[in-house]
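Visitor: My structure is in entry.txt, and what it holds is compact mmCIF, C-alpha atoms and all ligand atoms:
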# COMPACT_ATOMS: atom_id res chain seq x y z
CA MET M 1 24.80 -0.85 -15.76
CA LYS M 2 23.62 1.84 -13.37
CA ALA M 3 20.66 1.36 -11.06
CA ILE M 4 19.15 2.74 -7.89
CA GLN M 5 19.43 0.29 -5.03
CA LEU M 6 18.56 0.31 -1.36
CA SER M 7 20.41 -1.86 1.14
CA GLU M 8 18.36 -0.65 4.09
CA VAL M 9 14.90 0.88 4.42
CA GLY M 10 14.61 4.51 5.47
CA GLY M 11 14.52 8.06 4.12
CA PRO M 12 15.17 9.08 0.49
CA GLU M 13 18.93 9.00 1.19
CA VAL M 14 18.88 5.16 1.18
CA LEU M 15 18.30 5.28 -2.60
CA GLN M 16 21.90 4.77 -3.81
CA TYR M 17 23.07 5.08 -7.43
CA VAL M 18 25.23 1.99 -7.97
CA ASP M 19 26.72 -0.36 -10.58
CA VAL M 20 24.94 -3.70 -10.91
CA PRO M 21 25.26 -6.57 -13.40
CA GLU M 22 23.14 -6.31 -16.55
CA PRO M 23 20.12 -8.64 -16.54
CA GLU M 24 19.97 -11.60 -18.95
CA PRO M 25 16.64 -12.92 -20.24
CA GLY M 26 15.42 -16.39 -19.26
CA ALA M 27 12.71 -18.28 -21.12
CA GLY M 28 9.62 -16.09 -21.57
CA GLN M 29 11.49 -12.91 -20.61
CA ALA M 30 12.68 -9.82 -22.45
CA ILE M 31 15.27 -7.18 -21.65
CA VAL M 32 14.03 -3.61 -22.03
CA GLU M 33 16.46 -0.70 -22.27
CA LEU M 34 14.49 1.97 -20.46
CA ASN M 35 13.67 5.44 -21.76
CA ALA M 36 11.81 6.19 -18.55
CA ALA M 37 10.82 4.54 -15.27
CA GLY M 38 7.65 5.67 -13.51
CA VAL M 39 7.79 6.76 -9.87
CA ASN M 40 4.79 5.64 -7.83
CA TYR M 41 3.72 6.20 -4.26
CA MET M 42 4.09 2.46 -3.70
CA ASP M 43 7.85 2.92 -4.32
CA VAL M 44 7.92 5.32 -1.35
CA GLN M 45 6.12 2.69 0.70
CA ALA M 46 8.65 0.03 -0.38
CA ARG M 47 11.52 2.37 0.55
CA ILE M 48 10.19 3.03 4.05
CA GLY M 49 9.73 -0.72 4.58
CA ALA M 50 5.93 -0.82 4.68
CA ASN M 51 5.85 -4.32 3.13
CA ASN M 52 9.05 -5.76 4.66
CA PRO M 53 10.99 -5.83 1.36
CA THR M 54 13.81 -8.29 0.73
CA LEU M 55 17.09 -6.32 0.59
CA PRO M 56 19.05 -5.23 -1.35
CA LEU M 57 16.26 -3.99 -3.58
CA ILE M 58 16.14 -2.14 -6.89
CA PRO M 59 12.75 -0.40 -6.60
CA GLY M 60 10.26 0.53 -9.29
CA GLY M 61 7.41 -1.31 -10.95
CA GLU M 62 6.83 0.45 -14.26
CA GLY M 63 8.68 1.69 -17.30
CA SER M 64 8.94 2.05 -21.05
CA GLY M 65 11.72 1.57 -23.57
CA ILE M 66 13.05 -0.61 -26.36
CA VAL M 67 13.29 -4.41 -26.34
CA VAL M 68 17.00 -5.23 -26.77
CA LYS M 69 17.05 -9.01 -26.08
CA ILE M 70 14.51 -11.78 -25.80
CA GLY M 71 14.66 -15.21 -24.20
CA GLU M 72 13.39 -18.52 -25.54
CA GLY M 73 9.72 -18.82 -26.38
CA VAL M 74 8.91 -15.10 -26.43
CA SER M 75 6.06 -14.39 -28.85
CA GLU M 76 4.51 -11.11 -27.67
CA VAL M 77 7.38 -8.77 -28.64
CA ALA M 78 10.51 -8.65 -30.81
CA VAL M 79 13.86 -6.88 -30.53
CA GLY M 80 13.41 -3.21 -31.46
CA ASP M 81 9.78 -2.92 -30.28
CA ARG M 82 8.75 0.18 -28.31
CA VAL M 83 7.11 -1.21 -25.16
CA ALA M 84 5.70 -0.28 -21.77
CA TYR M 85 4.91 -2.44 -18.74
CA THR M 86 3.95 -2.61 -15.14
CA GLY M 87 3.95 -5.59 -12.80
CA ALA M 88 7.69 -6.27 -13.06
CA GLY M 89 10.10 -4.96 -10.46
CA MET M 90 13.59 -3.41 -10.53
CA SER M 91 12.66 -0.57 -12.88
CA TYR M 92 14.90 2.13 -11.35
CA ALA M 93 17.68 1.00 -13.71
CA GLU M 94 19.06 1.36 -17.22
CA LYS M 95 17.78 -2.07 -18.23
CA VAL M 96 15.15 -4.36 -16.80
CA CYS M 97 14.13 -7.99 -17.28
CA VAL M 98 10.35 -8.32 -17.78
CA PRO M 99 8.15 -11.40 -18.32
CA SER M 100 7.27 -10.87 -21.97
CA TRP M 101 3.55 -11.37 -21.39
CA ARG M 102 3.56 -8.17 -19.26
CA LEU M 103 4.86 -6.04 -22.18
CA VAL M 104 2.52 -4.00 -24.37
CA LYS M 105 3.47 -2.02 -27.45
CA VAL M 106 3.46 1.77 -27.22
CA PRO M 107 1.23 3.08 -30.05
CA ASP M 108 3.07 4.56 -33.06
CA GLY M 109 3.48 8.29 -32.75
CA MET M 110 3.01 8.34 -28.96
CA ASP M 111 5.88 9.71 -26.88
CA ILE M 112 7.50 6.60 -25.42
CA GLU M 113 7.97 8.27 -22.00
CA VAL M 114 4.21 8.67 -21.71
CA GLY M 115 4.01 4.86 -21.78
CA ALA M 116 5.91 4.78 -18.48
CA ALA M 117 3.67 7.51 -17.09
CA ALA M 118 0.39 5.84 -18.02
CA MET M 119 0.68 2.14 -17.26
CA LEU M 120 0.47 1.71 -13.49
CA GLN M 121 -1.65 4.68 -12.51
CA GLY M 122 -3.73 4.51 -15.71
CA MET M 123 -4.62 0.84 -15.38
CA THR M 124 -5.29 1.36 -11.66
CA ALA M 125 -7.77 4.14 -12.46
CA HIS M 126 -9.21 1.88 -15.20
CA TYR M 127 -9.95 -1.11 -12.95
CA LEU M 128 -11.26 1.11 -10.13
CA ALA M 129 -13.70 2.98 -12.38
CA HIS M 130 -14.70 0.09 -14.65
CA THR M 131 -14.49 -3.11 -12.61
CA THR M 132 -14.21 -2.66 -8.82
CA TYR M 133 -17.17 -0.31 -8.81
CA PRO M 134 -18.29 0.26 -12.40
CA LEU M 135 -19.32 3.90 -12.47
CA LYS M 136 -22.40 5.00 -14.39
CA ALA M 137 -24.39 8.14 -15.06
CA GLY M 138 -26.28 9.18 -11.93
CA ASP M 139 -23.52 8.05 -9.53
CA THR M 140 -21.52 10.45 -7.43
CA ALA M 141 -17.97 9.36 -6.58
CA LEU M 142 -15.73 10.73 -3.86
CA ILE M 143 -12.10 10.51 -5.03
CA HIS M 144 -9.44 11.33 -2.45
CA ALA M 145 -6.13 12.95 -3.46
CA GLY M 146 -7.64 14.04 -6.77
CA ALA M 147 -4.56 15.95 -7.92
CA GLY M 148 -2.30 12.90 -7.53
CA GLY M 149 -1.11 10.53 -10.24
CA VAL M 150 -3.99 8.07 -9.95
CA GLY M 151 -6.39 10.82 -8.87
CA LEU M 152 -6.16 12.95 -12.02
CA LEU M 153 -6.69 9.88 -14.23
CA LEU M 154 -9.55 8.50 -12.12
CA ILE M 155 -11.37 11.83 -12.24
CA GLN M 156 -11.17 11.82 -16.05
CA MET M 157 -12.39 8.20 -16.30
CA ALA M 158 -15.24 8.86 -13.86
CA LYS M 159 -16.35 11.79 -16.00
CA MET M 160 -16.12 9.64 -19.17
CA ALA M 161 -18.51 7.20 -17.42
CA GLY M 162 -20.95 10.04 -16.73
CA ALA M 163 -20.53 10.21 -12.93
CA GLN M 164 -20.42 13.30 -10.75
CA VAL M 165 -17.07 13.72 -9.00
CA ILE M 166 -16.26 15.23 -5.62
CA THR M 167 -12.54 15.17 -4.87
CA THR M 168 -10.33 16.07 -1.92
CA VAL M 169 -6.98 17.85 -2.16
CA SER M 170 -4.60 19.57 0.26
CA THR M 171 -4.23 23.00 -1.41
CA ASN M 172 -6.23 25.44 -3.50
CA GLU M 173 -3.68 25.06 -6.28
CA LYS M 174 -4.30 21.30 -6.38
CA ALA M 175 -8.05 21.99 -6.31
CA ALA M 176 -7.68 23.99 -9.53
CA MET M 177 -5.78 21.10 -11.16
CA ALA M 178 -8.41 18.56 -10.11
CA LYS M 179 -11.14 20.79 -11.52
CA ASP M 180 -9.18 21.17 -14.75
CA ALA M 181 -9.23 17.35 -14.97
CA GLY M 182 -13.03 17.46 -14.74
CA ALA M 183 -13.92 17.24 -11.04
CA ASP M 184 -17.28 18.86 -10.32
CA HIS M 185 -16.21 19.83 -6.80
CA ALA M 186 -12.71 19.95 -5.29
CA ILE M 187 -12.67 20.37 -1.52
CA LEU M 188 -10.05 20.44 1.22
CA TYR M 189 -9.79 17.47 3.62
CA ALA M 190 -10.95 19.31 6.74
CA ASP M 191 -14.53 18.22 7.49
CA PHE M 192 -14.84 16.68 4.04
CA ALA M 193 -17.68 14.30 5.08
CA ALA M 194 -19.87 17.24 6.12
CA GLU M 195 -19.06 18.99 2.86
CA VAL M 196 -19.92 15.85 0.87
CA MET M 197 -23.29 15.66 2.60
CA LYS M 198 -23.93 19.32 1.80
CA LEU M 199 -23.00 18.82 -1.87
CA THR M 200 -25.23 15.71 -2.19
CA SER M 201 -28.23 17.15 -0.31
CA ASP M 202 -27.56 14.76 2.62
CA LYS M 203 -27.66 11.69 0.37
CA GLY M 204 -23.96 10.72 0.29
CA VAL M 205 -21.92 9.18 -2.53
CA GLU M 206 -22.32 5.77 -4.14
CA VAL M 207 -18.57 5.07 -3.99
CA VAL M 208 -15.46 6.37 -2.25
CA TYR M 209 -12.10 5.71 -3.86
CA ASP M 210 -9.71 6.18 -0.95
CA ALA M 211 -5.93 5.91 -1.31
CA VAL M 212 -5.17 8.21 1.63
CA GLY M 213 -5.96 5.54 4.23
CA LYS M 214 -5.67 6.27 7.94
CA ASP M 215 -6.57 9.99 7.88
CA THR M 216 -9.69 9.67 5.70
CA PHE M 217 -11.15 6.30 6.76
CA GLU M 218 -13.77 7.57 9.21
CA GLY M 219 -14.90 10.43 6.98
CA SER M 220 -15.11 8.13 3.98
CA LEU M 221 -17.44 5.76 5.84
CA ALA M 222 -19.60 8.71 6.83
CA SER M 223 -19.74 9.97 3.21
CA LEU M 224 -21.35 6.84 1.72
CA VAL M 225 -24.97 6.17 0.85
CA PRO M 226 -26.57 3.05 2.37
CA ARG M 227 -25.20 0.00 0.46
CA GLY M 228 -22.39 2.19 -0.89
CA TYR M 229 -18.93 0.95 -1.93
CA PHE M 230 -15.82 1.76 0.07
CA VAL M 231 -12.82 1.13 -2.19
CA SER M 232 -9.70 1.44 -0.05
CA TYR M 233 -6.85 1.15 -2.55
CA GLY M 234 -3.92 2.82 -0.79
CA ALA M 235 -2.53 4.31 2.39
CA ALA M 236 -0.56 7.50 1.65
CA SER M 237 -1.23 8.79 5.20
CA GLY M 238 -0.55 5.39 6.80
CA PRO M 239 -2.44 2.12 7.01
CA VAL M 240 -6.02 2.00 8.23
CA PRO M 241 -5.94 0.43 11.71
CA PRO M 242 -7.76 -2.89 12.11
CA ILE M 243 -11.52 -2.38 12.09
CA ALA M 244 -14.50 -4.32 13.37
CA LEU M 245 -16.72 -5.50 10.51
CA SER M 246 -19.67 -4.15 12.47
CA VAL M 247 -18.75 -0.60 11.34
CA LEU M 248 -20.15 -1.58 7.92
CA ASN M 249 -23.44 -2.77 9.35
CA PRO M 250 -25.49 0.41 9.98
CA LYS M 251 -25.45 1.27 6.24
CA SER M 252 -24.82 -2.28 4.89
CA LEU M 253 -21.66 -1.05 3.17
CA TYR M 254 -19.34 -2.98 0.85
CA LEU M 255 -15.61 -2.73 1.57
CA THR M 256 -12.78 -3.86 -0.72
CA ARG M 257 -8.99 -3.46 -0.62
CA PRO M 258 -7.99 -4.06 -4.26
CA GLY M 259 -4.60 -4.19 -5.98
CA LEU M 260 -3.62 -3.97 -9.65
CA GLY M 261 -2.15 -7.52 -9.83
CA PRO M 262 -5.40 -9.48 -9.70
CA TYR M 263 -6.98 -6.99 -12.15
CA THR M 264 -4.27 -7.65 -14.78
CA ALA M 265 -3.62 -11.30 -13.99
CA THR M 266 -4.12 -12.57 -17.55
CA ARG M 267 -2.72 -11.40 -20.88
CA ALA M 268 -6.29 -10.77 -22.11
CA GLU M 269 -7.19 -8.50 -19.18
CA LEU M 270 -3.85 -6.70 -19.33
CA GLU M 271 -4.23 -6.07 -23.08
CA GLU M 272 -7.77 -4.80 -22.62
CA ARG M 273 -6.88 -2.30 -19.86
CA ALA M 274 -3.57 -1.19 -21.40
CA GLY M 275 -5.22 -0.95 -24.82
CA ASP M 276 -7.93 1.36 -23.46
CA VAL M 277 -5.50 3.52 -21.47
CA LEU M 278 -2.82 3.91 -24.15
CA GLY M 279 -5.47 4.24 -26.86
CA TRP M 280 -7.24 7.05 -24.98
CA VAL M 281 -3.91 8.79 -24.40
CA ALA M 282 -2.92 8.45 -28.07
CA SER M 283 -6.30 9.84 -29.22
CA GLY M 284 -6.20 12.75 -26.75
CA LYS M 285 -9.23 11.52 -24.76
CA LEU M 286 -7.13 10.97 -21.62
CA ASN M 287 -4.52 13.46 -20.45
CA VAL M 288 -1.51 12.10 -18.56
CA LYS M 289 0.04 14.97 -16.66
CA VAL M 290 3.80 14.56 -16.22
CA HIS M 291 4.68 16.70 -13.21
CA GLY M 292 8.44 16.29 -13.55
CA ARG M 293 11.39 14.33 -14.89
CA TYR M 294 14.49 13.47 -12.86
CA ALA M 295 17.74 11.85 -13.93
CA LEU M 296 17.87 8.27 -12.61
CA LYS M 297 20.69 9.20 -10.23
CA ASP M 298 18.40 11.79 -8.59
CA ALA M 299 15.69 9.28 -7.58
CA ALA M 300 15.99 10.45 -3.96
CA ASP M 301 14.91 13.97 -4.96
CA ALA M 302 11.90 12.53 -6.81
CA HIS M 303 10.90 10.65 -3.64
CA ARG M 304 11.29 13.80 -1.52
CA GLU M 305 8.97 15.68 -3.85
CA LEU M 306 6.35 12.91 -3.98
CA GLN M 307 6.35 12.17 -0.25
CA GLY M 308 6.30 15.91 0.50
CA ARG M 309 2.93 16.18 -1.34
CA LEU M 310 4.50 18.60 -3.80
CA THR M 311 3.48 16.79 -7.00
CA SER M 312 0.33 16.68 -9.08
CA GLY M 313 0.55 13.95 -11.69
CA LYS M 314 3.44 11.75 -12.67
CA LEU M 315 7.16 11.77 -11.85
CA LEU M 316 9.54 10.00 -14.24
CA LEU M 317 13.14 8.86 -13.85
CA ILE M 318 15.22 9.13 -17.01
CA PRO M 319 18.19 6.70 -17.09
N1 LIG L 1 -4.16 -0.58 -5.02
C1 LIG L 1 -3.66 -0.28 -6.17
O1 LIG L 1 -3.85 -0.98 -7.17
C2 LIG L 1 -2.82 0.96 -6.28
C3 LIG L 1 -2.18 1.27 -7.49
C4 LIG L 1 -1.50 2.49 -7.59
C5 LIG L 1 -1.44 3.34 -6.51
N2 LIG L 1 -2.04 2.97 -5.34
C6 LIG L 1 -2.04 3.88 -4.19
O2 LIG L 1 -2.70 5.04 -4.61
C7 LIG L 1 -2.17 6.16 -3.94
C8 LIG L 1 -1.79 7.20 -4.95
O3 LIG L 1 -0.65 6.75 -5.65
P1 LIG L 1 0.09 7.71 -6.66
O4 LIG L 1 1.32 7.00 -7.06
O5 LIG L 1 -0.87 8.18 -7.68
O6 LIG L 1 0.52 8.91 -5.69
P2 LIG L 1 -0.01 10.42 -5.69
O7 LIG L 1 -1.50 10.40 -5.51
O8 LIG L 1 0.55 11.13 -6.85
O9 LIG L 1 0.69 10.95 -4.39
C9 LIG L 1 0.13 10.70 -3.13
C10 LIG L 1 -0.84 11.81 -2.73
O10 LIG L 1 -1.52 11.41 -1.56
C11 LIG L 1 -1.95 12.57 -0.89
N3 LIG L 1 -1.73 12.43 0.56
C12 LIG L 1 -2.70 12.50 1.50
N4 LIG L 1 -2.17 12.35 2.71
C13 LIG L 1 -0.83 12.21 2.54
C14 LIG L 1 0.25 12.04 3.45
N5 LIG L 1 0.05 12.00 4.78
N6 LIG L 1 1.50 11.94 2.95
C15 LIG L 1 1.71 11.98 1.62
N7 LIG L 1 0.71 12.13 0.70
C16 LIG L 1 -0.54 12.25 1.17
C17 LIG L 1 -1.18 13.76 -1.47
O11 LIG L 1 -2.09 14.58 -2.19
P3 LIG L 1 -2.76 15.85 -1.40
O12 LIG L 1 -1.57 16.70 -1.01
O13 LIG L 1 -3.68 16.49 -2.34
O14 LIG L 1 -3.44 15.23 -0.22
C18 LIG L 1 -0.16 13.12 -2.39
O15 LIG L 1 0.12 13.91 -3.51
C19 LIG L 1 -1.03 5.65 -3.07
O16 LIG L 1 -1.54 5.42 -1.77
C20 LIG L 1 -0.67 4.34 -3.73
O17 LIG L 1 -0.07 3.43 -2.85
C21 LIG L 1 -2.71 1.81 -5.21
Please re-express this file's structure in structure tokens.
Guide:
Amino acid sequence: MKAIQLSEVGGPEVLQYVDVPEPEPGAGQAIVELNAAGVNYMDVQARIGANNPTLPLIPGGEGSGIVVKIGEGVSEVAVGDRVAYTGAGMSYAEKVCVPSWRLVKVPDGMDIEVGAAAMLQGMTAHYLAHTTYPLKAGDTALIHAGAGGVGLLLIQMAKMAGAQVITTVSTNEKAAMAKDAGADHAILYADFAAEVMKLTSDKGVEVVYDAVGKDTFEGSLASLVPRGYFVSYGAASGPVPPIALSVLNPKSLYLTRPGLGPYTATRAELEERAGDVLGWVASGKLNVKVHGRYALKDAADAHRELQGRLTSGKLLLIP
């Protein structure tokens, strides 16, 4: 089968379209023939070597398609099911082997590609808004990169919870998209902490959801209310340098660096989050914006667009 593989870390050009052996299912595994694989910023970070990946690597952590084979002891899905997943690697390929407990069924009538677009970023927005810092009416949240894949979904979930949303973006065009998603205020990054203080009458925000990292860390700290929550869930601009815990002390702040894995570590929690996200999408309550679709062989172009900050919403690879 065809897949995208990298044998060295580097620029988008290291994403090579190659022939690889088809996967076979072991016990508790299923083979999914993919209709779409989701592209996520973490794939860019894997490609540039941020987490010292083991090479060669087929990137990608999310997709949707049809179950074509199952291994021994699989009870969650059957051959022919329309499924979506995240939390299994090697998704930039025609077929992928997934632990069956990570597979959820795509609701009848829902475009199967939207399953690939909603799982990783949708469940991330879900755990951030509902579990890491459960938003409620009366809160104000600062959401960085509000026109991004996670950003657009997190804005919508924050509004569903009744919170006020201030979001940062890099262009006026992205500001309009973030406002369309429900943001009360969309501001540019320059001097954002001062702007947040102005918008909150010098009070600050109860929570900052920050996936930009290095460039926004200081301003995010300055934007919080005393005893506020700093949720640092990504590093699109580069990792936050080591900090002294004492920076949290003047306002008695909480700081967490969460990841999706521990928030979907059991079948029950995965089913609950995926059920909410896919259910909201199917009912029209949550809009998943697909920014673009690329043929699998053009994965490098998808990475160029995402890393170049030219997207708002989801990119998909179509095998
Ligand atoms: N911890 C978790 O569980 C988890 C799960 C999913 C994603 N993430 C993280 O969440 C972030 C968003 O992921 P995503 O897939 O939805 O990507 P995305 O937000 O669609 O794309 C990244 C966005 O970051 C912004 N950005 C700010 N500074 C940047 C820089 N120096 N270079 C590139 N982009 C920059 C850009 O928006 P502007 O142009 O508007 O600034 C860009 O569009 C990533 O950091 C990702 O690693 C974390």
Visitor: Can you pull out every residue with an atom within 7 Å of ligand LIG 1 (chain L)? Use only C-alpha atoms and all ligand atoms and format it as a ChimeraX atom specification.
Guide: /M:40-42,120-121,124,145-151,168-171,174,211-212,233-238,258-260,306-314
Visitor: Can you find the residues with an atom no farther than 6 Å from (7.1, 10.2, -15.3), counting all atoms listed in the file, and report them as an mmCIF file with C-alpha atoms, keeping the file's coordinate frame?
Guide:
data_model
loop_
_atom_site.group_PDB
_atom_site.id
_atom_site.type_symbol
_atom_site.label_atom_id
_atom_site.label_comp_id
_atom_site.auth_asym_id
_atom_site.auth_seq_id
_atom_site.Cartn_x
_atom_site.Cartn_y
_atom_site.Cartn_z
ATOM 1 C CA GLY M 38 7.650 5.670 -13.510
ATOM 2 C CA ALA M 117 3.670 7.510 -17.090
ATOM 3 C CA VAL M 290 3.800 14.560 -16.220
ATOM 4 C CA ARG M 293 11.390 14.330 -14.890
ATOM 5 C CA LYS M 314 3.440 11.750 -12.670
ATOM 6 C CA LEU M 315 7.160 11.770 -11.850
ATOM 7 C CA LEU M 316 9.540 10.000 -14.240
#
Visitor: Measuring atom to atom with all atoms listed in the file, identify which of M:Gly284, M:Ile48, M:Pro23, M:Leu154 is nearest to M:Ala178.
Guide: M:Leu154
Visitor: So that I can check the surroundings of stretch 85-89 of chain M, please list as number ranges by chain every protein, DNA and RNA residue that reaches within 9 Å of it, counting all atoms listed in the file and ignoring chain neighbours fewer than 4 positions away.
Guide: M: 58-64, 96-99, 102-105, 115-116, 119-120, 260-261, 264, 274
Visitor: Select, from M:Met90, M:Leu245, M:Ala186, M:Ala282, the residue with the minimum atom-to-atom distance to M:Glu173, counting only C-alpha atoms.
Guide: M:Ala186
Visitor: When you draw a straight line from atom CA of M:Lys136 to atom CA of M:Asp202, how long is it in Å?
Guide: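 Interatomic distance here is 20.3 Å.
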Visitor: Considering all atoms listed in the file, state which residue in the set M:Arg227, M:Lys159, M:His144, M:Lys203 is at the smallest distance from M:Leu188.
Guide: M:His144
Visitor: If I take atom CA of M:Val240 and atom CA of M:Phe217, how far is one from the other in Å, to one decimal?
Guide: 6.9 Å
Visitor: Around all the atoms of stretch 138-143 of chain M listed in the file, with 8 Å of room on each side, what axis-aligned box do you get, giving centre and edge lengths in Å to one decimal, as lines of an AutoDock Vina configuration file?
Guide:
center_x = -19.2
center_y = 9.4
center_z = -7.9
size_x = 30.2
size_y = 18.7
size_z = 24.1
Visitor: Of the residues M:Ala193, M:Leu55, M:Leu34, M:Ala93, which is the one nearest to M:Val68, using all atoms listed in the file?
Guide: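 Using all atoms listed in the file, M:Val68 sits closest to M:Leu34.
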Visitor: If you count all atoms listed in the file, which residues fall within 7 Å of stretch 249-257 of chain M, apart from same-chain ones fewer than 2 positions away, as an mmCIF file with C-alpha atoms, in the coordinates of the input?
Guide:
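Saved as out21.cif:
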data_model
loop_
_atom_site.group_PDB
_atom_site.id
_atom_site.type_symbol
_atom_site.label_atom_id
_atom_site.label_comp_id
_atom_site.auth_asym_id
_atom_site.auth_seq_id
_atom_site.Cartn_x
_atom_site.Cartn_y
_atom_site.Cartn_z
ATOM 1 C CA PRO M 226 -26.570 3.050 2.370
ATOM 2 C CA ARG M 227 -25.200 0.000 0.460
ATOM 3 C CA GLY M 228 -22.390 2.190 -0.890
ATOM 4 C CA TYR M 229 -18.930 0.950 -1.930
ATOM 5 C CA PHE M 230 -15.820 1.760 0.070
ATOM 6 C CA VAL M 231 -12.820 1.130 -2.190
ATOM 7 C CA SER M 232 -9.700 1.440 -0.050
ATOM 8 C CA TYR M 233 -6.850 1.150 -2.550
ATOM 9 C CA SER M 246 -19.670 -4.150 12.470
ATOM 10 C CA VAL M 247 -18.750 -0.600 11.340
ATOM 11 C CA GLY M 259 -4.600 -4.190 -5.980
#
Visitor: If I take atom CA of M:Ala84 and atom CA of M:Leu278, how far is one from the other in Å, to one decimal?
Guide: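 It comes out at 9.8 Å.
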Visitor: Taking (8.0, -19.6, -23.5) in the file's coordinates as the center, which residues reach within 10 Å of it, counting all atoms listed in the file, put as a PDB file with C-alpha atoms, in the frame of the given file?
Guide:
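Once everything was written out, this is result.pdb:
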ATOM      1  CA  GLY M  26      15.420 -16.390 -19.260  1.00  0.00           C
ATOM      2  CA  ALA M  27      12.710 -18.280 -21.120  1.00  0.00           C
ATOM      3  CA  GLY M  28       9.620 -16.090 -21.570  1.00  0.00           C
ATOM      4  CA  GLN M  29      11.490 -12.910 -20.610  1.00  0.00           C
ATOM      5  CA  GLY M  71      14.660 -15.210 -24.200  1.00  0.00           C
ATOM      6  CA  GLU M  72      13.390 -18.520 -25.540  1.00  0.00           C
ATOM      7  CA  GLY M  73       9.720 -18.820 -26.380  1.00  0.00           C
ATOM      8  CA  VAL M  74       8.910 -15.100 -26.430  1.00  0.00           C
ATOM      9  CA  SER M  75       6.060 -14.390 -28.850  1.00  0.00           C
ATOM     10  CA  PRO M  99       8.150 -11.400 -18.320  1.00  0.00           C
ATOM     11  CA  SER M 100       7.270 -10.870 -21.970  1.00  0.00           C
ATOM     12  CA  TRP M 101       3.550 -11.370 -21.390  1.00  0.00           C
TER      13      TRP M 101
END
